[in-house]
$ cat coords.txt   # compact mmCIF, C-alpha atoms and all ligand atoms
# COMPACT_ATOMS: atom_id res chain seq x y z
CA MET A 1 54.87 -103.03 126.27
CA ALA A 2 52.99 -101.04 123.63
CA ASP A 3 55.21 -99.11 121.27
CA ASP A 4 53.83 -95.77 122.41
CA ARG A 5 54.44 -96.48 126.12
CA LEU A 6 57.35 -94.59 127.68
CA ILE A 7 59.24 -96.05 130.62
CA ILE A 8 59.66 -93.35 133.25
CA PHE A 9 62.99 -93.91 135.01
CA ASP A 10 63.10 -91.64 138.03
CA THR A 11 66.56 -90.74 139.31
CA THR A 12 65.55 -88.18 141.96
CA LEU A 13 67.05 -90.40 144.65
CA ARG A 14 70.36 -90.75 142.80
CA ASP A 15 71.28 -88.01 140.29
CA GLY A 16 68.92 -85.62 142.11
CA GLU A 17 70.03 -86.48 145.60
CA GLN A 18 73.72 -86.13 144.76
CA ALA A 19 73.29 -82.45 143.78
CA PRO A 20 74.34 -79.80 146.32
CA GLY A 21 71.59 -79.05 148.84
CA PHE A 22 69.42 -82.05 148.01
CA SER A 23 70.82 -84.78 150.22
CA MET A 24 68.38 -86.85 152.27
CA ASN A 25 68.80 -89.30 155.10
CA THR A 26 67.60 -92.88 154.82
CA ALA A 27 64.18 -92.25 156.38
CA GLU A 28 63.61 -89.29 154.07
CA LYS A 29 64.66 -91.33 151.03
CA LEU A 30 62.21 -94.06 151.97
CA GLN A 31 59.42 -91.52 152.41
CA LEU A 32 60.09 -90.10 148.96
CA ALA A 33 60.38 -93.60 147.47
CA ARG A 34 56.89 -94.43 148.81
CA GLN A 35 55.51 -91.33 147.13
CA LEU A 36 57.32 -92.14 143.84
CA GLN A 37 55.61 -95.53 143.97
CA VAL A 38 52.21 -93.81 144.39
CA LEU A 39 53.14 -91.48 141.52
CA GLY A 40 53.63 -94.54 139.33
CA VAL A 41 57.23 -94.36 138.13
CA ASP A 42 58.33 -97.50 136.25
CA VAL A 43 61.92 -97.55 137.46
CA MET A 44 63.27 -95.92 140.60
CA GLU A 45 67.02 -95.40 140.79
CA ALA A 46 67.35 -95.63 144.56
CA GLY A 47 71.00 -94.61 144.87
CA PHE A 48 74.65 -95.33 144.21
CA PRO A 49 75.36 -98.07 146.77
CA ILE A 50 79.17 -98.01 146.62
CA ALA A 51 79.17 -94.26 147.41
CA SER A 52 78.67 -94.80 151.15
CA LYS A 53 77.38 -97.27 153.72
CA ASP A 54 74.28 -95.08 154.15
CA ASP A 55 73.61 -95.08 150.42
CA ALA A 56 73.88 -98.86 150.26
CA GLU A 57 71.58 -99.20 153.26
CA ALA A 58 69.00 -96.80 151.79
CA VAL A 59 68.95 -98.70 148.49
CA ARG A 60 68.54 -101.98 150.34
CA LEU A 61 65.70 -100.61 152.46
CA ILE A 62 63.90 -99.18 149.44
CA ALA A 63 64.39 -102.50 147.61
CA SER A 64 62.79 -104.33 150.56
CA GLU A 65 59.90 -101.93 151.13
CA ILE A 66 58.83 -100.69 147.72
CA ASP A 67 56.73 -102.95 145.57
CA GLY A 68 55.84 -102.14 141.98
CA PRO A 69 58.58 -100.14 140.30
CA VAL A 70 61.86 -101.76 139.27
CA ILE A 71 64.50 -100.75 141.84
CA ALA A 72 67.83 -99.79 140.26
CA GLY A 73 71.24 -99.31 141.87
CA LEU A 74 74.04 -97.45 140.10
CA ALA A 75 77.52 -98.96 139.69
CA ARG A 76 80.62 -97.94 137.79
CA CYS A 77 81.99 -100.59 135.47
CA ASN A 78 84.03 -102.38 138.11
CA PRO A 79 83.41 -105.55 140.13
CA ALA A 80 83.32 -103.90 143.59
CA ASP A 81 80.64 -101.42 142.52
CA ILE A 82 78.59 -104.06 140.73
CA GLU A 83 78.73 -106.53 143.61
CA CYS A 84 77.72 -103.81 146.05
CA ALA A 85 74.82 -102.68 143.82
CA ALA A 86 73.72 -106.31 143.32
CA GLU A 87 73.65 -106.90 147.06
CA SER A 88 71.73 -103.67 147.71
CA VAL A 89 68.96 -104.23 145.13
CA LYS A 90 68.67 -107.96 145.89
CA PRO A 91 65.56 -107.71 148.14
CA ALA A 92 63.52 -106.07 145.36
CA ARG A 93 60.88 -108.09 143.55
CA ARG A 94 62.20 -106.52 140.34
CA SER A 95 65.78 -105.26 140.49
CA ARG A 96 68.13 -103.62 138.02
CA ILE A 97 71.86 -103.01 138.02
CA HIS A 98 72.72 -99.81 136.20
CA THR A 99 76.37 -99.83 135.25
CA PHE A 100 78.22 -97.07 133.43
CA ILE A 101 81.55 -96.02 132.00
CA ALA A 102 82.53 -92.88 130.12
CA THR A 103 83.09 -93.26 126.38
CA SER A 104 84.19 -89.81 125.16
CA ASP A 105 87.89 -89.39 124.45
CA LEU A 106 87.94 -86.43 126.81
CA HIS A 107 86.74 -88.55 129.72
CA LEU A 108 88.81 -91.59 128.73
CA GLU A 109 92.06 -89.67 128.33
CA ARG A 110 91.74 -86.97 130.98
CA LYS A 111 89.58 -88.56 133.68
CA LEU A 112 89.82 -92.35 133.51
CA ARG A 113 93.24 -92.43 131.78
CA ILE A 114 92.41 -95.56 129.85
CA SER A 115 92.40 -96.38 126.14
CA ARG A 116 89.31 -97.09 124.05
CA ASP A 117 90.27 -100.80 124.02
CA GLU A 118 90.46 -100.87 127.82
CA CYS A 119 87.06 -99.18 127.97
CA LEU A 120 85.59 -101.79 125.63
CA GLN A 121 87.07 -104.64 127.67
CA SER A 122 85.60 -103.15 130.82
CA VAL A 123 82.17 -103.11 129.17
CA VAL A 124 82.54 -106.80 128.26
CA ASP A 125 83.66 -107.86 131.74
CA ASN A 126 81.30 -105.74 133.79
CA VAL A 127 78.07 -106.05 131.84
CA LYS A 128 78.65 -109.82 131.89
CA LEU A 129 79.24 -109.67 135.65
CA ALA A 130 76.11 -107.57 136.22
CA ARG A 131 74.07 -110.06 134.19
CA SER A 132 75.24 -112.85 136.49
CA PHE A 133 73.21 -111.15 139.28
CA THR A 134 70.06 -110.05 137.44
CA ASP A 135 68.41 -110.29 134.02
CA ASP A 136 67.74 -106.56 134.08
CA VAL A 137 70.96 -104.69 133.32
CA GLU A 138 71.16 -101.13 132.13
CA PHE A 139 74.37 -99.89 130.56
CA SER A 140 75.15 -96.17 130.30
CA ALA A 141 77.88 -94.62 128.18
CA GLU A 142 78.69 -91.51 130.17
CA ASP A 143 79.25 -88.40 128.01
CA ALA A 144 77.80 -90.40 125.11
CA THR A 145 76.79 -87.35 123.11
CA ARG A 146 80.42 -86.13 122.98
CA SER A 147 81.80 -89.57 122.11
CA ASP A 148 83.17 -90.71 118.78
CA THR A 149 80.20 -92.25 116.97
CA ASP A 150 82.00 -95.31 115.55
CA PHE A 151 83.47 -96.13 118.95
CA LEU A 152 80.16 -95.55 120.71
CA CYS A 153 78.43 -97.92 118.27
CA ARG A 154 81.00 -100.62 119.11
CA VAL A 155 80.48 -100.05 122.84
CA VAL A 156 76.70 -100.24 122.53
CA GLU A 157 76.82 -103.38 120.39
CA THR A 158 79.18 -104.99 122.89
CA ALA A 159 77.02 -104.09 125.89
CA ILE A 160 73.96 -105.60 124.21
CA ASP A 161 75.94 -108.73 123.25
CA GLN A 162 76.93 -109.12 126.88
CA GLY A 163 73.29 -108.95 127.95
CA ALA A 164 72.46 -105.29 128.64
CA THR A 165 68.71 -104.88 128.23
CA THR A 166 68.61 -101.09 128.40
CA ILE A 167 71.11 -98.79 126.70
CA ASN A 168 71.22 -95.30 128.14
CA LEU A 169 73.12 -92.62 126.21
CA PRO A 170 73.39 -89.57 128.45
CA ASP A 171 73.91 -85.99 127.42
CA THR A 172 75.98 -85.77 130.58
CA VAL A 173 76.90 -82.10 130.34
CA GLY A 174 73.71 -80.84 128.68
CA TYR A 175 75.59 -79.71 125.58
CA SER A 176 73.36 -81.01 122.78
CA THR A 177 70.54 -79.34 120.93
CA ALA A 178 67.28 -81.13 120.18
CA ASP A 179 67.93 -81.65 116.46
CA GLU A 180 71.36 -83.08 117.29
CA ILE A 181 69.92 -85.49 119.87
CA GLU A 182 67.34 -86.73 117.40
CA GLN A 183 70.02 -87.34 114.75
CA PHE A 184 72.32 -88.90 117.34
CA PHE A 185 69.81 -91.53 118.51
CA THR A 186 68.48 -92.17 115.00
CA GLY A 187 72.07 -92.78 113.87
CA ILE A 188 73.06 -95.10 116.73
CA ILE A 189 69.82 -97.11 116.71
CA GLY A 190 70.05 -97.43 112.92
CA ARG A 191 73.70 -98.51 112.89
CA VAL A 192 74.02 -100.90 115.83
CA PRO A 193 73.12 -104.34 114.42
CA ASN A 194 71.60 -105.74 117.64
CA ALA A 195 69.79 -102.53 118.65
CA ASP A 196 66.43 -104.31 118.52
CA ARG A 197 67.45 -106.39 121.57
CA ALA A 198 67.54 -103.40 123.95
CA VAL A 199 65.40 -100.48 125.04
CA PHE A 200 67.16 -97.18 124.31
CA SER A 201 67.09 -94.50 126.96
CA ALA A 202 67.82 -90.77 127.20
CA HIS A 203 69.34 -89.04 130.23
CA CYS A 204 69.61 -85.33 129.50
CA HIS A 205 71.08 -82.65 131.71
CA ASP A 206 69.80 -79.11 131.73
CA ASP A 207 72.94 -76.96 131.47
CA LEU A 208 71.45 -75.06 128.51
CA GLY A 209 67.86 -75.46 129.64
CA LEU A 210 67.22 -78.07 126.93
CA ALA A 211 66.87 -81.28 128.94
CA VAL A 212 63.15 -81.76 128.40
CA ALA A 213 63.23 -80.78 124.70
CA ASN A 214 66.22 -83.07 124.17
CA SER A 215 64.54 -86.00 125.93
CA LEU A 216 61.46 -85.59 123.74
CA ALA A 217 63.69 -85.46 120.66
CA ALA A 218 65.26 -88.74 121.80
CA VAL A 219 61.78 -90.26 122.09
CA ARG A 220 61.02 -89.17 118.53
CA ALA A 221 64.18 -91.00 117.45
CA GLY A 222 63.08 -94.25 119.11
CA CYS A 223 64.04 -94.06 122.80
CA ARG A 224 61.38 -95.58 125.00
CA GLN A 225 62.90 -94.85 128.40
CA ILE A 226 63.42 -91.34 129.75
CA GLU A 227 65.50 -90.63 132.83
CA CYS A 228 64.22 -87.70 134.80
CA THR A 229 63.74 -86.22 138.26
CA ILE A 230 61.07 -84.50 140.30
CA ASN A 231 61.38 -80.70 140.04
CA GLY A 232 64.22 -81.34 137.54
CA ILE A 233 66.81 -81.61 140.32
CA GLY A 234 70.19 -83.17 139.57
CA GLU A 235 73.85 -82.44 138.97
CA ARG A 236 74.55 -78.73 138.23
CA ALA A 237 71.47 -77.31 136.42
CA GLY A 238 69.66 -80.62 136.93
CA ASN A 239 68.05 -83.34 134.86
CA ALA A 240 64.98 -83.39 132.64
CA SER A 241 61.97 -82.69 134.83
CA LEU A 242 59.57 -85.61 135.20
CA GLU A 243 56.51 -83.40 135.57
CA GLU A 244 57.29 -81.43 132.41
CA LEU A 245 57.95 -84.53 130.30
CA VAL A 246 54.81 -86.27 131.46
CA MET A 247 52.57 -83.24 131.01
CA VAL A 248 53.89 -82.60 127.49
CA THR A 249 52.69 -86.08 126.53
CA ARG A 250 49.32 -85.35 128.20
CA VAL A 251 48.67 -81.81 127.06
CA ARG A 252 50.25 -82.12 123.60
CA ASN A 253 49.42 -85.73 122.86
CA ASP A 254 48.59 -84.56 119.33
CA ARG A 255 52.34 -83.85 118.80
CA MET A 256 53.84 -86.33 121.29
CA PRO A 257 51.51 -89.35 121.11
CA TYR A 258 53.02 -91.35 123.96
CA ALA A 259 51.62 -92.78 127.16
CA THR A 260 53.18 -93.06 130.62
CA GLY A 261 52.07 -94.84 133.78
CA ILE A 262 52.25 -91.64 135.86
CA ARG A 263 49.24 -90.65 138.02
CA THR A 264 49.43 -86.99 137.19
CA THR A 265 47.31 -85.94 140.19
CA GLU A 266 50.24 -87.07 142.36
CA ILE A 267 52.70 -84.72 140.63
CA TYR A 268 52.22 -81.69 142.85
CA PRO A 269 52.16 -83.66 146.15
CA THR A 270 55.40 -85.38 145.09
CA SER A 271 57.04 -82.08 144.18
CA GLN A 272 55.99 -80.57 147.52
CA LEU A 273 57.21 -83.57 149.48
CA LEU A 274 60.63 -83.37 147.84
CA SER A 275 60.83 -79.68 148.59
CA GLU A 276 59.85 -80.25 152.23
CA LEU A 277 62.31 -83.11 152.73
CA THR A 278 65.23 -81.22 151.21
CA ARG A 279 64.16 -77.80 152.49
CA GLU A 280 64.81 -76.48 148.98
CA PRO A 281 61.97 -74.32 147.64
CA VAL A 282 60.66 -74.92 144.13
CA GLN A 283 61.39 -72.01 141.80
CA ALA A 284 58.19 -69.85 141.75
CA ASN A 285 57.87 -69.90 137.97
CA LYS A 286 58.80 -73.59 137.56
CA ALA A 287 56.55 -75.15 134.91
CA ILE A 288 53.75 -77.36 136.30
CA VAL A 289 54.74 -77.23 140.00
CA GLY A 290 55.97 -73.69 140.76
CA ARG A 291 53.63 -71.56 142.88
CA ASN A 292 53.05 -69.23 139.90
CA ALA A 293 52.26 -72.05 137.45
CA PHE A 294 48.51 -71.54 138.00
CA ALA A 295 48.57 -68.02 139.48
CA HIS A 296 47.37 -64.89 137.69
CA GLU A 297 48.01 -61.32 138.76
CA ALA A 298 47.60 -59.17 135.65
CA GLY A 299 44.13 -57.67 135.36
CA ILE A 300 43.60 -58.77 131.74
CA HIS A 301 44.57 -62.34 132.60
CA GLN A 302 42.42 -62.41 135.73
CA ASP A 303 39.44 -61.14 133.77
CA GLY A 304 40.03 -63.86 131.14
CA VAL A 305 40.39 -66.66 133.67
CA ILE A 306 37.25 -65.59 135.55
CA LYS A 307 35.29 -65.69 132.28
CA ASP A 308 36.87 -68.89 130.95
CA ARG A 309 39.86 -70.57 132.58
CA ARG A 310 41.13 -71.80 129.20
CA THR A 311 41.97 -68.25 128.07
CA TYR A 312 45.20 -68.43 130.10
CA GLU A 313 45.50 -72.03 131.30
CA ILE A 314 46.43 -74.96 129.05
CA MET A 315 45.80 -77.62 131.70
CA ARG A 316 43.52 -77.96 134.71
CA PRO A 317 45.38 -77.45 138.00
CA ALA A 318 43.52 -80.47 139.43
CA ASP A 319 45.10 -82.69 136.74
CA VAL A 320 48.50 -82.24 138.37
CA GLY A 321 47.19 -82.25 141.93
CA VAL A 322 47.04 -78.47 142.46
CA ALA A 323 43.79 -77.58 144.26
CA GLN A 324 42.91 -74.56 142.15
CA SER A 325 44.28 -71.63 140.20
CA THR A 326 44.92 -68.51 142.22
CA LEU A 327 44.16 -64.95 141.36
CA VAL A 328 46.91 -63.06 143.13
CA LEU A 329 45.96 -59.56 144.19
CA GLY A 330 48.75 -57.15 143.41
CA LYS A 331 49.33 -53.83 141.70
CA HIS A 332 48.62 -55.39 138.27
CA SER A 333 45.25 -56.83 139.29
CA GLY A 334 41.92 -55.65 137.98
CA ARG A 335 38.48 -54.93 139.46
CA HIS A 336 37.06 -58.30 138.40
CA ALA A 337 39.49 -60.19 140.57
CA VAL A 338 38.94 -57.89 143.55
CA LYS A 339 35.18 -58.28 143.18
CA GLN A 340 35.45 -62.07 142.96
CA ARG A 341 37.73 -62.28 145.99
CA CYS A 342 35.44 -59.99 148.02
CA GLU A 343 32.49 -62.22 147.13
CA GLN A 344 34.47 -65.32 148.14
CA LEU A 345 35.15 -63.61 151.46
CA GLY A 346 31.42 -62.92 151.87
CA PHE A 347 31.40 -59.17 151.08
CA GLU A 348 28.66 -57.89 148.78
CA LEU A 349 29.84 -54.49 147.56
CA SER A 350 28.10 -51.81 145.55
CA ARG A 351 29.87 -50.49 142.47
CA LEU A 352 31.03 -47.43 144.39
CA GLU A 353 32.29 -49.51 147.32
CA LEU A 354 34.13 -51.81 144.96
CA ASP A 355 35.84 -48.79 143.37
CA ARG A 356 37.04 -47.63 146.79
CA VAL A 357 38.22 -51.05 147.85
CA TYR A 358 39.98 -51.48 144.53
CA ARG A 359 41.85 -48.16 144.89
CA ALA A 360 42.85 -48.95 148.47
CA MET A 361 44.05 -52.37 147.35
CA ILE A 362 46.25 -50.84 144.60
CA ASP A 363 47.67 -48.33 147.14
CA LEU A 364 48.56 -51.17 149.45
CA ALA A 365 49.99 -53.28 146.60
CA ASP A 366 52.34 -50.42 145.78
CA ARG A 367 53.77 -50.76 149.27
CA GLN A 368 53.76 -54.54 149.59
CA LYS A 369 54.09 -57.10 146.82
CA THR A 370 50.78 -58.91 147.21
CA VAL A 371 47.54 -58.27 149.00
CA GLU A 372 46.32 -61.17 151.11
CA ASP A 373 42.74 -62.01 152.08
CA THR A 374 43.30 -60.56 155.55
CA ASP A 375 44.49 -57.27 153.99
CA LEU A 376 41.43 -57.15 151.77
CA ALA A 377 39.11 -57.86 154.68
CA ALA A 378 40.80 -55.05 156.64
CA ILE A 379 40.27 -52.64 153.72
CA VAL A 380 36.57 -53.54 153.53
CA ALA A 381 36.17 -53.24 157.32
CA ARG A 382 37.83 -49.78 157.27
CA LEU A 383 35.55 -48.66 154.49
CA GLN A 384 32.49 -49.85 156.42
CA THR A 385 33.69 -48.10 159.61
CA ASP A 386 34.29 -44.85 157.70
CA ARG A 387 30.82 -45.14 156.20
CA SER A 388 29.08 -45.69 159.53
CA ALA A 389 31.14 -42.88 161.11
CA GLY A 390 30.04 -40.62 158.22
CA ALA A 391 26.41 -41.60 158.73
CA ALA A 392 26.51 -40.88 162.50
O1 LIG A 401 74.82 -87.83 133.56
C1 LIG A 401 75.27 -88.99 133.47
O2 LIG A 401 76.02 -89.33 132.56
C2 LIG A 401 74.89 -89.94 134.51
C3 LIG A 401 75.23 -91.37 134.29
C4 LIG A 401 75.91 -91.95 135.47
C5 LIG A 401 74.00 -92.15 133.94
O3 LIG A 401 74.27 -89.57 135.48
ZN ZN A 402 73.31 -87.60 135.13

$ encode --input "coords.txt" --output "structure tokens" --more "lines below"
Ligand code: KIV
Ligand code: ZN
Amino acid sequence: MADDRLIIFDTTLRDGEQAPGFSMNTAEKLQLARQLQVLGVDVMEAGFPIASKDDAEAVRLIASEIDGPVIAGLARCNPADIECAAESVKPARRSRIHTFIATSDLHLERKLRISRDECLQSVVDNVKLARSFTDDVEFSAEDATRSDTDFLCRVVETAIDQGATTINLPDTVGYSTADEIEQFFTGIIGRVPNADRAVFSAHCHDDLGLAVANSLAAVRAGCRQIECTINGIGERAGNASLEELVMVTRVRNDRMPYATGIRTTEIYPTSQLLSELTREPVQANKAIVGRNAFAHEAGIHQDGVIKDRRTYEIMRPADVGVAQSTLVLGKHSGRHAVKQRCEQLGFELSRLELDRVYRAMIDLADRQKTVEDTDLAAIVARLQTDRSAGAA
């Protein structure tokens, strides 16, 4: 793979699906998996098979039905999890076992109640076991960014020695800043002697709203896989958003000169499908896919967009699968937008008529948030009735 090519590892069906409100049944997961395939993700984490019988079944079904992306199943570093994940991803043409264990002292002491040596031994045993099922093994050091660096380097070196082909170092609680993440990955990749035998990967959570910036910082430091989700869903505040990461590399390729295999025109349909399946609306102002991402209400902005879209839009809506920008009519709108909408609706208005329609529209917008086409048509009709009544 070319050095500038990023592997997009989508974990919507695992980290995303396990977040409150986002669960899906097997049929829904398969429907989303088909769309993720169309979108062009490189790796699809289909679930956490040991979590439940349904999860295992969904992963197995996706592994049987989806052709193209690598299908990954998550497993803790223990034989039961790994055997279950191996069985679930087995039908896939290209399968991956993604095994993880926490490496921070906080997690080792307070959650797992094991020593660093026990953690290291578990990495040896379980990465080796995972490799006995597939050549494609990803190892994640949970809470990596809060782990002791020397210990983490030993863990990473050991995982690679045992055959891990991808090393994922998550910012599990979204605590890091971008400069820290860049230093962190530069340090680990520089210090681990066998680092050249694995692809390094970032998995950033969004607790401080930095997941995308942090993932891009990790790429600058040498990571070539990014773990992300549609609409940025995931544990707590979510994961890095796939659509934002991909569009940064498209729109700002001058600063982030990397390529992905994503068909960007499938971004919006994928986002909408996820929202429909989970019945969770996308935040209106969500970058790229929110309903306001290509909507303009303020008069100055509407005037600019009518004259030249680029005045207030840095990408074409069609590039992400959105049909067109919208000029929302509301109390901040200007005459230009009202005139354009009237023309689109087939009304040719004189200057005076436009003034009246505009004032009536603002009056209405003061009472209701936005003015729809039907409202505008009613205003024009009323004006025409008043005029003919006046003429009679
Ligand atoms: O956030 C995290 O650390 C994870 C790992 C299991 C990869 O989701
Ligand atoms: Zn996570």

$ residues_near_ligand --input "coords.txt" --ligand "ligand LIG 401 (chain A)" --cutoff "9 Å" --atoms "only C-alpha atoms and all ligand atoms" --output "ChimeraX atom specification"
/A:11,14-15,74-76,98-102,139-144,168-174,203-205,227,234-235,239

$ residues_around --input "coords.txt" --residues "region 105-119 of chain A" --least-positions-apart "6" --cutoff "12 Å" --atoms "all atoms listed in the file" --output "ChimeraX atom specification"
/A:76-78,125-127,141-152,154-156,158-159,172-173

$ residues_around --input "coords.txt" --residues "Ala259 (chain A)" --least-positions-apart "5" --cutoff "7 Å" --atoms "all atoms listed in the file" --output "list of chain:residue names"
A:Asp4, A:Arg5, A:Leu6, A:Thr249

$ residues_around --input "coords.txt" --residues "Ile8 (chain A)" --least-positions-apart "3" --cutoff "6 Å" --atoms "all atoms listed in the file" --output "VMD selection string"
chain A and resid 41 to 42 226

$ closest_residue --input "coords.txt" --among "A:Ala164, A:Val289, A:Phe133, A:Phe185" --to "Leu273 (chain A)" --atoms "all atoms listed in the file"
A:Val289

$ atom_distance --input "coords.txt" --atom1 "CA of Asp10 (chain A)" --atom2 "CA of Ala178 (chain A)"
21.1 Å

$ atom_distance --input "coords.txt" --atom1 "CA of Pro79 (chain A)" --atom2 "CA of Ala63 (chain A)"
20.7 Å

$ atom_distance --input "coords.txt" --atom1 "CA of Thr260 (chain A)" --atom2 "CA of Leu210 (chain A)"
20.9 Å

$ residues_around --input "coords.txt" --residues "Asp303 (chain A)" --least-positions-apart "6" --cutoff "9 Å" --atoms "all atoms listed in the file" --output "PDB file with C-alpha atoms, in the coordinates of the input"
ATOM      1  CA  GLY A 334      41.920 -55.650 137.980  1.00  0.00           C
ATOM      2  CA  ARG A 335      38.480 -54.930 139.460  1.00  0.00           C
ATOM      3  CA  HIS A 336      37.060 -58.300 138.400  1.00  0.00           C
ATOM      4  CA  ALA A 337      39.490 -60.190 140.570  1.00  0.00           C
TER       5      ALA A 337
END

$ residues_near_point --input "coords.txt" --point "(77.8, -113.0, 130.3)" --cutoff "7 Å" --atoms "only C-alpha atoms" --output "list in words"
Lys128, Leu129, Arg131, Ser132, Gln162 and Gly163 of chain A

$ closest_residue --input "coords.txt" --among "A:Ala298, A:Leu242, A:Val38, A:Leu32" --to "Thr326 (chain A)" --atoms "only C-alpha atoms"
A:Ala298

$ decode --input "coords.txt" --residues "region 244-294 of chain A" --atoms "C-alpha atoms" --output "PDB file, in the first residue's frame"
ATOM      1  CA  GLU A 244     -14.845  14.391   9.091  1.00  0.00           C
ATOM      2  CA  LEU A 245     -11.524  12.538   8.828  1.00  0.00           C
ATOM      3  CA  VAL A 246     -12.063  11.625   5.205  1.00  0.00           C
ATOM      4  CA  MET A 247     -13.204  15.089   4.157  1.00  0.00           C
ATOM      5  CA  VAL A 248     -10.238  16.750   5.877  1.00  0.00           C
ATOM      6  CA  THR A 249      -7.944  14.687   3.653  1.00  0.00           C
ATOM      7  CA  ARG A 250     -10.056  15.672   0.610  1.00  0.00           C
ATOM      8  CA  VAL A 251     -10.663  19.339   1.272  1.00  0.00           C
ATOM      9  CA  ARG A 252      -7.300  20.092   2.911  1.00  0.00           C
ATOM     10  CA  ASN A 253      -5.113  17.704   0.974  1.00  0.00           C
ATOM     11  CA  ASP A 254      -2.557  20.531   0.849  1.00  0.00           C
ATOM     12  CA  ARG A 255      -2.066  20.098   4.651  1.00  0.00           C
ATOM     13  CA  MET A 256      -3.054  16.431   5.034  1.00  0.00           C
ATOM     14  CA  PRO A 257      -1.760  14.785   1.839  1.00  0.00           C
ATOM     15  CA  TYR A 258      -3.283  11.343   2.369  1.00  0.00           C
ATOM     16  CA  ALA A 259      -5.629   9.197   0.343  1.00  0.00           C
ATOM     17  CA  THR A 260      -8.452   6.903   1.447  1.00  0.00           C
ATOM     18  CA  GLY A 261     -10.584   4.388  -0.429  1.00  0.00           C
ATOM     19  CA  ILE A 262     -13.838   6.053   0.659  1.00  0.00           C
ATOM     20  CA  ARG A 263     -16.470   6.920  -1.985  1.00  0.00           C
ATOM     21  CA  THR A 264     -17.334  10.269  -0.511  1.00  0.00           C
ATOM     22  CA  THR A 265     -20.663  10.510  -2.370  1.00  0.00           C
ATOM     23  CA  GLU A 266     -21.836   7.624  -0.164  1.00  0.00           C
ATOM     24  CA  ILE A 267     -21.114   9.524   3.063  1.00  0.00           C
ATOM     25  CA  TYR A 268     -24.486  11.216   3.468  1.00  0.00           C
ATOM     26  CA  PRO A 269     -26.562   8.129   2.497  1.00  0.00           C
ATOM     27  CA  THR A 270     -24.572   6.091   5.045  1.00  0.00           C
ATOM     28  CA  SER A 271     -25.079   8.688   7.764  1.00  0.00           C
ATOM     29  CA  GLN A 272     -28.813   8.809   7.038  1.00  0.00           C
ATOM     30  CA  LEU A 273     -29.127   5.026   7.022  1.00  0.00           C
ATOM     31  CA  LEU A 274     -27.448   4.783  10.422  1.00  0.00           C
ATOM     32  CA  SER A 275     -29.738   7.454  11.793  1.00  0.00           C
ATOM     33  CA  GLU A 276     -32.820   5.683  10.419  1.00  0.00           C
ATOM     34  CA  LEU A 277     -31.777   2.267  11.719  1.00  0.00           C
ATOM     35  CA  THR A 278     -31.005   3.531  15.215  1.00  0.00           C
ATOM     36  CA  ARG A 279     -33.753   6.168  15.262  1.00  0.00           C
ATOM     37  CA  GLU A 280     -31.159   8.606  16.586  1.00  0.00           C
ATOM     38  CA  PRO A 281     -31.165  11.946  14.741  1.00  0.00           C
ATOM     39  CA  VAL A 282     -27.887  13.448  13.574  1.00  0.00           C
ATOM     40  CA  GLN A 283     -27.031  16.660  15.418  1.00  0.00           C
ATOM     41  CA  ALA A 284     -28.222  19.544  13.144  1.00  0.00           C
ATOM     42  CA  ASN A 285     -24.864  21.298  13.108  1.00  0.00           C
ATOM     43  CA  LYS A 286     -22.779  18.101  12.769  1.00  0.00           C
ATOM     44  CA  ALA A 287     -19.924  18.744  10.326  1.00  0.00           C
ATOM     45  CA  ILE A 288     -20.434  17.224   6.850  1.00  0.00           C
ATOM     46  CA  VAL A 289     -23.696  15.350   7.550  1.00  0.00           C
ATOM     47  CA  GLY A 290     -25.837  17.537   9.835  1.00  0.00           C
ATOM     48  CA  ARG A 291     -28.878  19.146   8.200  1.00  0.00           C
ATOM     49  CA  ASN A 292     -27.304  22.599   8.665  1.00  0.00           C
ATOM     50  CA  ALA A 293     -23.942  21.615   7.155  1.00  0.00           C
ATOM     51  CA  PHE A 294     -24.986  23.051   3.769  1.00  0.00           C
TER      52      PHE A 294
END
